[in-house]
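Here the structure is laid out as C-alpha cells; the discussion comes afterwards.
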Amino acid sequence: MINLSNYLYNKVRPIIESWNEEGIYGLSFFVYTNVAWNNLPYFAISYNTEKSCNYSLPLSEERWTYAFWLQNEHEIISDEESTKIFLQWCEENNIKDVGFEDESKMYDEECRYIGKGPNGYYELLQVVVDIARRLHKEKVIMNTFKKDIPIIIHEYEYAWYSVEATRNGNPDGEASVFLEAVEKGFPE
C-alpha cells in the first residue's frame with residue numbers, strides 16, 4: 001500500500017530545508033490540474049521574498065497573488081514516476097476516473113462553482129494539507145526560517161477549497177494574514 005503523504009513529504013522536506021534566501025515570508029504549495037496533461041494533478045513548491053514583493057503591505061494583492069511570486073517552482077508531482085505513484089494511490093483508495101469531473105456536480109443553482117476539481121484533485125489536496133501540517137508540527141518551517149511562515153495551498157486562483165486547504169494546513173494561524181487578505185479581496 002502506498003503512503004502518498006510520506007512519499008511526497010520526503011520529496012518536499014529537503015527542498016524546503018535547502019532554501020536560505022533572505023526575507024522568505026511565504027511558501028507556495030501549488031496544486032493544479034493540467035488540462036493539457038490529461039487533467040492529472042501537478043504539484044510544485046516555491047517561495048516568495050519581501051524583496052520580490054517590493055515589501056508590499058500585509059493585505060496586498062502583490063504580496064499574496066501567485067502571479068506576482070518568483071515562479072521558482074520545484075516540481076513534486078509532474079514526472080512519470082510521481083504520476084504513476086499518485087495514480088496507484090488513487091486506485092488503492094478507490095478514486096475512479098481520475099482527471100474527470102462530473103459536470104452535474106460542478107455548479108449550484110446560482111451558477112457558482114461548488115465542485116472539487118477533477119476526480120483525485122481534492123483527495124490530493126487533503127494529502128498536501130497533511131504535509132503542510134506535518135512541516136509545521138515537526139518544526140521544519142520554524143527551524144529552517146527561524147519563524148513560522150504560512151504555506152499557501154492553491155492553484156492559479158483561490159477557490160473555496162484552496163482557502164480551506166490553506167486554513168487547515170496552517171493549524172496554528174500561520175496563514176491568518178493571507179486568509180484575511182483573500183476574505184477582504186486584497187484591500188491594500
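Order determines the names: the first chain of the C-alpha cells is A, the second B, and so forth; residues in each chain are numbered 1 upward, and ligands are numbered 1 upward as they are shown.
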For this session: Tell me which protein, DNA and RNA residues are within 10 Å of Gln88 of chain A, counting only C-alpha atoms, leaving out same-chain ones fewer than 6 positions away, and put them as number ranges by chain.
Result: A: 1-2, 4, 82, 94-95
Write to file, as a PDB file, in the first residue's frame, the residues of the selection just made, with N, CA and C atoms.
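Dumped everything to selection.pdb:
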```pdb
ATOM      1  N   MET A   1       0.850  -1.185   0.000  1.00  0.00           N
ATOM      2  CA  MET A   1       0.000   0.000   0.000  1.00  0.00           C
ATOM      3  C   MET A   1       0.894   1.247   0.000  1.00  0.00           C
ATOM      4  N   ILE A   2       0.592   2.184  -0.873  1.00  0.00           N
ATOM      5  CA  ILE A   2       1.392   3.401  -0.997  1.00  0.00           C
ATOM      6  C   ILE A   2       0.979   4.414   0.056  1.00  0.00           C
ATOM      7  N   LEU A   4       1.154   7.930   0.190  1.00  0.00           N
ATOM      8  CA  LEU A   4       1.432   9.089  -0.656  1.00  0.00           C
ATOM      9  C   LEU A   4       1.942  10.267   0.166  1.00  0.00           C
ATOM     10  N   SER A  82       6.375  10.023 -10.332  1.00  0.00           N
ATOM     11  CA  SER A  82       5.471  10.562  -9.313  1.00  0.00           C
ATOM     12  C   SER A  82       4.008  10.453  -9.744  1.00  0.00           C
ATOM     13  N   ASN A  94      -9.653   3.722  -4.140  1.00  0.00           N
ATOM     14  CA  ASN A  94     -10.920   3.633  -4.859  1.00  0.00           C
ATOM     15  C   ASN A  94     -11.372   4.969  -5.462  1.00  0.00           C
ATOM     16  N   ILE A  95     -10.419   5.749  -5.932  1.00  0.00           N
ATOM     17  CA  ILE A  95     -10.728   7.005  -6.616  1.00  0.00           C
ATOM     18  C   ILE A  95     -10.802   6.673  -8.105  1.00  0.00           C
TER      19      ILE A  95
END
```
Problem set entry | Contacts of segment 125-137 of chain A at 10 Å (only C-alpha atoms; same-chain gap of 2+ positions) as JSON, numbers by chain | {"A": [3, 4, 5, 6, 8, 9, 10, 12, 13, 16, 27, 29, 30, 31, 32, 41, 43, 116, 120, 121, 122, 123, 139, 140, 141, 142, 143, 148, 149, 150, 151, 152, 153, 154, 161, 162, 164, 165, 166, 167, 168, 169, 170, 171, 172, 174]}
Resulting file, chosen residues, N, CA and C atoms, as a compact mmCIF listing (two decimals), in the first residue's frame:
```
# COMPACT_ATOMS: atom_id res chain seq x y z
N ASN A 3 1.97 4.97 0.74
CA ASN A 3 1.72 6.08 1.65
C ASN A 3 2.13 7.34 0.89
N LEU A 4 1.15 7.93 0.19
CA LEU A 4 1.43 9.09 -0.66
C LEU A 4 1.94 10.27 0.17
N SER A 5 1.39 10.44 1.35
CA SER A 5 1.81 11.54 2.21
C SER A 5 3.30 11.45 2.53
N ASN A 6 3.77 10.28 2.94
CA ASN A 6 5.19 10.11 3.25
C ASN A 6 6.07 10.27 2.01
N LEU A 8 5.50 12.08 -0.68
CA LEU A 8 5.59 13.49 -1.04
C LEU A 8 6.35 14.30 0.00
N TYR A 9 6.10 14.01 1.27
CA TYR A 9 6.80 14.70 2.35
C TYR A 9 8.31 14.53 2.21
N ASN A 10 8.73 13.32 1.89
CA ASN A 10 10.17 13.05 1.74
C ASN A 10 10.78 13.74 0.53
N VAL A 12 9.45 16.86 -0.46
CA VAL A 12 9.28 18.29 -0.14
C VAL A 12 10.27 18.77 0.92
N ARG A 13 10.41 18.02 1.99
CA ARG A 13 11.20 18.49 3.14
C ARG A 13 12.63 18.91 2.79
N ILE A 16 12.69 22.30 0.94
CA ILE A 16 12.41 23.44 1.83
C ILE A 16 13.61 23.72 2.73
N LEU A 27 5.39 30.28 1.69
CA LEU A 27 5.66 29.15 0.82
C LEU A 27 4.42 28.87 -0.01
N PHE A 29 2.40 25.98 -2.09
CA PHE A 29 2.16 24.59 -2.47
C PHE A 29 1.13 24.67 -3.59
N PHE A 30 1.60 24.66 -4.81
CA PHE A 30 0.78 24.85 -6.00
C PHE A 30 0.27 23.49 -6.47
N VAL A 31 -1.03 23.27 -6.35
CA VAL A 31 -1.66 22.01 -6.76
C VAL A 31 -2.65 22.37 -7.86
N TYR A 32 -2.42 21.83 -9.03
CA TYR A 32 -3.16 22.26 -10.20
C TYR A 32 -3.45 21.06 -11.08
N PRO A 41 -3.21 15.86 -11.75
CA PRO A 41 -2.64 16.87 -10.87
C PRO A 41 -1.14 17.08 -11.06
N PHE A 43 1.91 19.12 -8.83
CA PHE A 43 2.19 19.68 -7.51
C PHE A 43 3.62 20.20 -7.52
N LYS A 116 -15.18 20.11 -6.69
CA LYS A 116 -13.91 19.87 -6.01
C LYS A 116 -12.80 19.55 -6.99
N GLY A 120 -9.75 12.97 -7.95
CA GLY A 120 -8.39 12.80 -7.45
C GLY A 120 -7.76 14.10 -6.98
N TYR A 121 -8.25 15.23 -7.49
CA TYR A 121 -7.66 16.52 -7.13
C TYR A 121 -7.90 16.85 -5.66
N TYR A 122 -9.15 16.82 -5.23
CA TYR A 122 -9.47 17.20 -3.85
C TYR A 122 -8.82 16.24 -2.86
N GLU A 123 -8.77 14.98 -3.22
CA GLU A 123 -8.12 13.98 -2.35
C GLU A 123 -6.62 14.28 -2.22
N LYS A 139 8.31 21.21 13.21
CA LYS A 139 9.14 22.42 13.32
C LYS A 139 10.12 22.59 12.15
N VAL A 140 9.83 21.97 11.02
CA VAL A 140 10.69 22.13 9.84
C VAL A 140 10.67 23.59 9.40
N ILE A 141 9.49 24.19 9.37
CA ILE A 141 9.37 25.58 8.94
C ILE A 141 10.09 26.49 9.93
N MET A 142 9.82 26.32 11.20
CA MET A 142 10.45 27.15 12.24
C MET A 142 11.97 27.00 12.23
N ASN A 143 12.46 25.80 12.13
CA ASN A 143 13.91 25.58 12.15
C ASN A 143 14.60 26.09 10.89
N ASP A 148 7.68 30.93 12.08
CA ASP A 148 6.63 30.22 11.37
C ASP A 148 6.11 31.11 10.26
N ILE A 149 6.13 30.59 9.06
CA ILE A 149 5.58 31.33 7.92
C ILE A 149 4.49 30.48 7.29
N PRO A 150 3.56 31.11 6.59
CA PRO A 150 2.44 30.35 6.03
C PRO A 150 2.82 29.52 4.82
N ILE A 151 2.11 28.42 4.69
CA ILE A 151 2.16 27.60 3.49
C ILE A 151 0.83 27.82 2.78
N ILE A 152 0.89 28.46 1.63
CA ILE A 152 -0.31 28.76 0.87
C ILE A 152 -0.55 27.61 -0.11
N ILE A 153 -1.68 26.94 0.04
CA ILE A 153 -2.03 25.80 -0.79
C ILE A 153 -3.05 26.30 -1.81
N HIS A 154 -2.71 26.22 -3.08
CA HIS A 154 -3.53 26.93 -4.07
C HIS A 154 -3.34 26.40 -5.48
N TYR A 161 -11.93 25.66 -2.00
CA TYR A 161 -11.18 24.52 -1.47
C TYR A 161 -9.71 24.86 -1.23
N SER A 162 -9.17 25.84 -1.97
CA SER A 162 -7.79 26.28 -1.72
C SER A 162 -7.70 27.05 -0.41
N GLU A 164 -9.79 26.73 2.10
CA GLU A 164 -9.99 25.71 3.14
C GLU A 164 -8.69 24.94 3.39
N ALA A 165 -8.02 24.54 2.32
CA ALA A 165 -6.78 23.77 2.44
C ALA A 165 -5.70 24.59 3.14
N THR A 166 -5.59 25.86 2.78
CA THR A 166 -4.59 26.72 3.41
C THR A 166 -4.89 26.88 4.90
N ARG A 167 -6.14 27.10 5.23
CA ARG A 167 -6.53 27.23 6.65
C ARG A 167 -6.16 25.96 7.41
N ASN A 168 -6.52 24.81 6.85
CA ASN A 168 -6.27 23.54 7.52
C ASN A 168 -4.79 23.15 7.55
N GLY A 169 -4.03 23.60 6.57
CA GLY A 169 -2.61 23.27 6.51
C GLY A 169 -1.73 24.12 7.40
N ASN A 170 -2.32 25.16 7.98
CA ASN A 170 -1.60 26.07 8.88
C ASN A 170 -2.38 26.10 10.20
N PRO A 171 -2.27 25.04 11.00
CA PRO A 171 -3.18 24.81 12.12
C PRO A 171 -3.09 25.82 13.27
N ASP A 172 -2.00 26.54 13.35
CA ASP A 172 -1.85 27.49 14.45
C ASP A 172 -1.95 28.94 13.98
N GLU A 174 -0.85 30.33 11.15
CA GLU A 174 0.28 30.87 10.40
C GLU A 174 -0.16 31.63 9.15
```
Check segment 118-147 of chain A with DSSP on the backbone and list each residue it calls alpha helix (DSSP H), as an mmCIF file with C-alpha atoms, in the first residue's frame.
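What ended up in states36.cif:
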```cif
data_model
loop_
_atom_site.group_PDB
_atom_site.id
_atom_site.type_symbol
_atom_site.label_atom_id
_atom_site.label_comp_id
_atom_site.auth_asym_id
_atom_site.auth_seq_id
_atom_site.Cartn_x
_atom_site.Cartn_y
_atom_site.Cartn_z
ATOM 1 C CA TYR A 121 -7.657 16.517 -7.127
ATOM 2 C CA TYR A 122 -9.475 17.198 -3.854
ATOM 3 C CA GLU A 123 -8.121 13.984 -2.353
ATOM 4 C CA LEU A 124 -4.578 15.042 -3.282
ATOM 5 C CA LEU A 125 -5.271 18.451 -1.782
ATOM 6 C CA GLN A 126 -6.024 16.745 1.550
ATOM 7 C CA VAL A 127 -2.693 14.894 1.388
ATOM 8 C CA VAL A 128 -0.932 18.214 0.709
ATOM 9 C CA VAL A 129 -2.729 19.704 3.745
ATOM 10 C CA ASP A 130 -1.347 16.849 5.859
ATOM 11 C CA ILE A 131 2.166 17.546 4.563
ATOM 12 C CA ALA A 132 1.876 21.251 5.416
ATOM 13 C CA ARG A 133 0.582 20.449 8.902
ATOM 14 C CA ARG A 134 3.415 17.967 9.441
ATOM 15 C CA LEU A 135 6.034 20.512 8.341
ATOM 16 C CA HIS A 136 4.686 22.921 10.962
ATOM 17 C CA LYS A 137 4.240 20.263 13.668
ATOM 18 C CA VAL A 140 10.693 22.130 9.843
ATOM 19 C CA ILE A 141 9.371 25.578 8.943
ATOM 20 C CA MET A 142 10.448 27.147 12.244
ATOM 21 C CA ASN A 143 13.906 25.581 12.152
ATOM 22 C CA THR A 144 14.514 26.476 8.507
ATOM 23 C CA PHE A 145 13.255 30.072 8.514
#
```
Exercise. In terms of the shortest atom-to-atom distance over only C-alpha atoms, which of A:Asn38, A:Thr49, A:Ser78, A:Ser60 is closest to Phe178 of chain A?
Worked result: A:Ser60
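Taking chain A and asking which residues DSSP calls strand (DSSP E) on the backbone, you get Ile24, Tyr25, Gly26, Leu27, Ser28, Phe29, Phe30, Val31, Tyr32, Thr33, Asn34, Leu40, Pro41, Tyr42, Phe43, Ala44, Ile45, Ser46, Tyr47, Asn48, Thr49, His74, Glu75, Ile76, Ile77, Ile151, Ile152, Ile153 and His154 of chain A.
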Those residues you just picked out, can you put them in a file as a short mmCIF file (atom, residue, chain, number, x, y, z; two decimals), in the first residue's frame with C-alpha atoms?
```cif
data_model
loop_
_atom_site.label_atom_id
_atom_site.label_comp_id
_atom_site.auth_asym_id
_atom_site.auth_seq_id
_atom_site.Cartn_x
_atom_site.Cartn_y
_atom_site.Cartn_z
CA ILE A 24 11.20 34.46 2.70
CA TYR A 25 7.73 35.21 4.06
CA GLY A 26 5.53 32.55 2.46
CA LEU A 27 5.66 29.15 0.82
CA SER A 28 3.57 28.08 -2.14
CA PHE A 29 2.16 24.59 -2.47
CA PHE A 30 0.78 24.85 -6.00
CA VAL A 31 -1.66 22.01 -6.76
CA TYR A 32 -3.16 22.26 -10.20
CA THR A 33 -4.86 20.02 -12.71
CA ASN A 34 -3.30 20.38 -16.09
CA LEU A 40 -3.89 14.98 -13.92
CA PRO A 41 -2.64 16.87 -10.87
CA TYR A 42 0.61 18.77 -10.86
CA PHE A 43 2.19 19.68 -7.51
CA ALA A 44 5.09 22.09 -7.11
CA ILE A 45 6.53 24.11 -4.24
CA SER A 46 8.16 27.52 -4.17
CA TYR A 47 8.53 30.61 -2.02
CA ASN A 48 8.42 34.38 -2.20
CA THR A 49 10.54 37.06 -0.55
CA HIS A 74 10.34 22.72 -7.62
CA GLU A 75 8.16 20.03 -9.16
CA ILE A 76 6.94 17.32 -6.80
CA ILE A 77 4.28 15.55 -8.90
CA ILE A 151 2.16 27.60 3.49
CA ILE A 152 -0.31 28.76 0.87
CA ILE A 153 -2.03 25.80 -0.79
CA HIS A 154 -3.53 26.93 -4.07
#
```
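Note that the spacing between atom CA of Glu109 of chain A and atom CA of Asp97 of chain A amounts to 25.3 Å.
Between atom CA of Gly185 of chain A and atom CA of Glu61 of chain A lies a distance of 8.2 Å.
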